Amino acid sequence: MFQPGLELDFKTVLSFAPALVSGVRTTLLLTGLTIALGTPIGIALGVLLRFRSPIIRLPLLFLIDIIRSLPVLILILWVYYVVPALLGLPTISSFTLATLALVANLAAFVADIVRGAIAGVPRGLIDAGYASGLSRLAVLRRVTLPLVIRELLPTLALLWIDMLKLSSLASVISVYELVHTADKIRSETFRAI
């Protein structure tokens with residue numbers, strides 16, 4: 001039996017093209033900001049996790065494990081309701097809060113991946129750097145990080161694609177990205193397809 005609203009009508013899609021383009025723009029901006037902020041923060045945290053000092057390492061490990069274990073939707077909702085209350089700023093935009101939650105999620109995963117990649121660098125290469133007279137920072141910059149980055153790029157690409165997909169969860173806190181825009185159009189036109 002035919003149900004009204006289930007036929008594909010491109011006139012409806014075209015009539016809402018500006019809203020859909022705006023939704024795509026917001027989705028790409030949210031994803032781009034998440035990648036641009038979360039990746040360097042995650043790399044820095046991953047490097048910090050390699051320090052032997054328990055004062056630095058243990059709180060970071062705890063925080064990263066908590067963020068990684070939370071579903072992204074729960075993290076977004078938690079940031080949306082708790083962060084403005086903690087900061088005493090009730091007028092933070094949903095877009096900013098969604099970006100903050102997604103950046104925290106990406107940074108936690110990148111940090112753990114960087115930590116593992118650094119641990120995978122052969123000890124002989126690091127010792128060779130020290131034997132060449134390089135300082136600890138120079139060994140990190142010239143020996144360890146180039147090897148780590150080469151190993152990280154495929155995994156980072158997958159995480160970045162995942163951030164594009166996870167950006168749709170921002171619709172739950174009323175960020176007008178593509179999914180939220182499409183849902184609004186569906187509720188106005190009663191056309192699911």
# chains A, B, ... in the order shown; residues from 1 in each chain; ligands from 1
>>> residues_around(residues="Tyr80 in chain A", least_positions_apart="5", cutoff="9 Å", atoms="only C-alpha atoms", output="ChimeraX atom specification")
/A:75,92,94,97-98,101,173
>>> write_last_selection(atoms="N, CA and C atoms", output="PDB file, in the first residue's frame")
ATOM      1  N   LEU A  75      28.947  12.285  26.273  1.00  0.00           N
ATOM      2  CA  LEU A  75      29.939  13.349  26.443  1.00  0.00           C
ATOM      3  C   LEU A  75      29.381  14.691  25.965  1.00  0.00           C
ATOM      4  N   ILE A  92      26.648  30.043  26.553  1.00  0.00           N
ATOM      5  CA  ILE A  92      27.603  29.462  25.607  1.00  0.00           C
ATOM      6  C   ILE A  92      26.797  28.790  24.501  1.00  0.00           C
ATOM      7  N   SER A  94      25.503  26.329  21.518  1.00  0.00           N
ATOM      8  CA  SER A  94      25.492  24.875  21.341  1.00  0.00           C
ATOM      9  C   SER A  94      26.629  24.428  20.432  1.00  0.00           C
ATOM     10  N   LEU A  97      29.854  24.300  22.447  1.00  0.00           N
ATOM     11  CA  LEU A  97      29.861  23.175  23.376  1.00  0.00           C
ATOM     12  C   LEU A  97      30.010  21.839  22.640  1.00  0.00           C
ATOM     13  N   ALA A  98      29.370  21.712  21.486  1.00  0.00           N
ATOM     14  CA  ALA A  98      29.535  20.491  20.689  1.00  0.00           C
ATOM     15  C   ALA A  98      30.975  20.371  20.212  1.00  0.00           C
ATOM     16  N   ALA A 101      33.125  19.216  23.140  1.00  0.00           N
ATOM     17  CA  ALA A 101      32.961  17.781  23.432  1.00  0.00           C
ATOM     18  C   ALA A 101      33.658  16.919  22.387  1.00  0.00           C
ATOM     19  N   ILE A 173      21.822  18.594  20.645  1.00  0.00           N
ATOM     20  CA  ILE A 173      21.826  19.831  21.426  1.00  0.00           C
ATOM     21  C   ILE A 173      21.519  21.038  20.536  1.00  0.00           C
TER      22      ILE A 173
END
>>> residues_around(residues="Gly23 in chain A", least_positions_apart="4", cutoff="12 Å", atoms="only C-alpha atoms", output="PyMOL selection string")
chain A and resi 16-19+27-30+167-168+170-171+174-185
>>> atom_distance(atom1="CA of Arg50 in chain A", atom2="CA of Val121 in chain A")
12.1 Å
>>> residues_around(residues="range 34-43 of chain A", least_positions_apart="6", cutoff="7 Å", atoms="only C-alpha atoms", output="number ranges by chain")
A: 99, 102-104, 106-108, 110-111, 114, 160
>>> write_last_selection(atoms="N, CA and C atoms", output="tab-separated table (two decimals), in the first residue's frame")
chain	number	residue	atom	x	y	z
A	99	THR	N	31.57	21.48	19.79
A	99	THR	CA	32.97	21.47	19.36
A	99	THR	C	33.86	21.06	20.52
A	102	LEU	N	33.50	17.26	21.11
A	102	LEU	CA	34.13	16.47	20.05
A	102	LEU	C	35.65	16.62	20.08
A	103	VAL	N	36.15	17.80	20.43
A	103	VAL	CA	37.60	18.00	20.56
A	103	VAL	C	38.14	17.14	21.69
A	104	ALA	N	37.44	17.11	22.82
A	104	ALA	CA	37.88	16.27	23.94
A	104	ALA	C	37.91	14.80	23.54
A	106	LEU	N	38.19	13.48	20.43
A	106	LEU	CA	39.26	13.24	19.46
A	106	LEU	C	40.62	13.31	20.14
A	107	ALA	N	40.84	14.30	21.01
A	107	ALA	CA	42.13	14.44	21.68
A	107	ALA	C	42.44	13.22	22.54
A	108	ALA	N	41.45	12.65	23.20
A	108	ALA	CA	41.69	11.47	24.03
A	108	ALA	C	42.13	10.28	23.18
A	110	VAL	N	43.45	10.39	20.10
A	110	VAL	CA	44.74	10.69	19.48
A	110	VAL	C	45.86	10.52	20.51
A	111	ALA	N	45.63	10.98	21.74
A	111	ALA	CA	46.65	10.86	22.78
A	111	ALA	C	47.02	9.40	23.03
A	114	VAL	N	48.99	8.12	20.02
A	114	VAL	CA	50.35	8.67	20.00
A	114	VAL	C	51.20	7.99	21.07
A	160	TRP	N	39.58	11.10	11.77
A	160	TRP	CA	39.01	12.32	11.20
A	160	TRP	C	37.71	12.02	10.46
>>> residues_around(residues="Phe62 in chain A", least_positions_apart="6", cutoff="12 Å", atoms="only C-alpha atoms", output="MDAnalysis selection string")
chainID A and resid 49 54:56 68:69 108 112
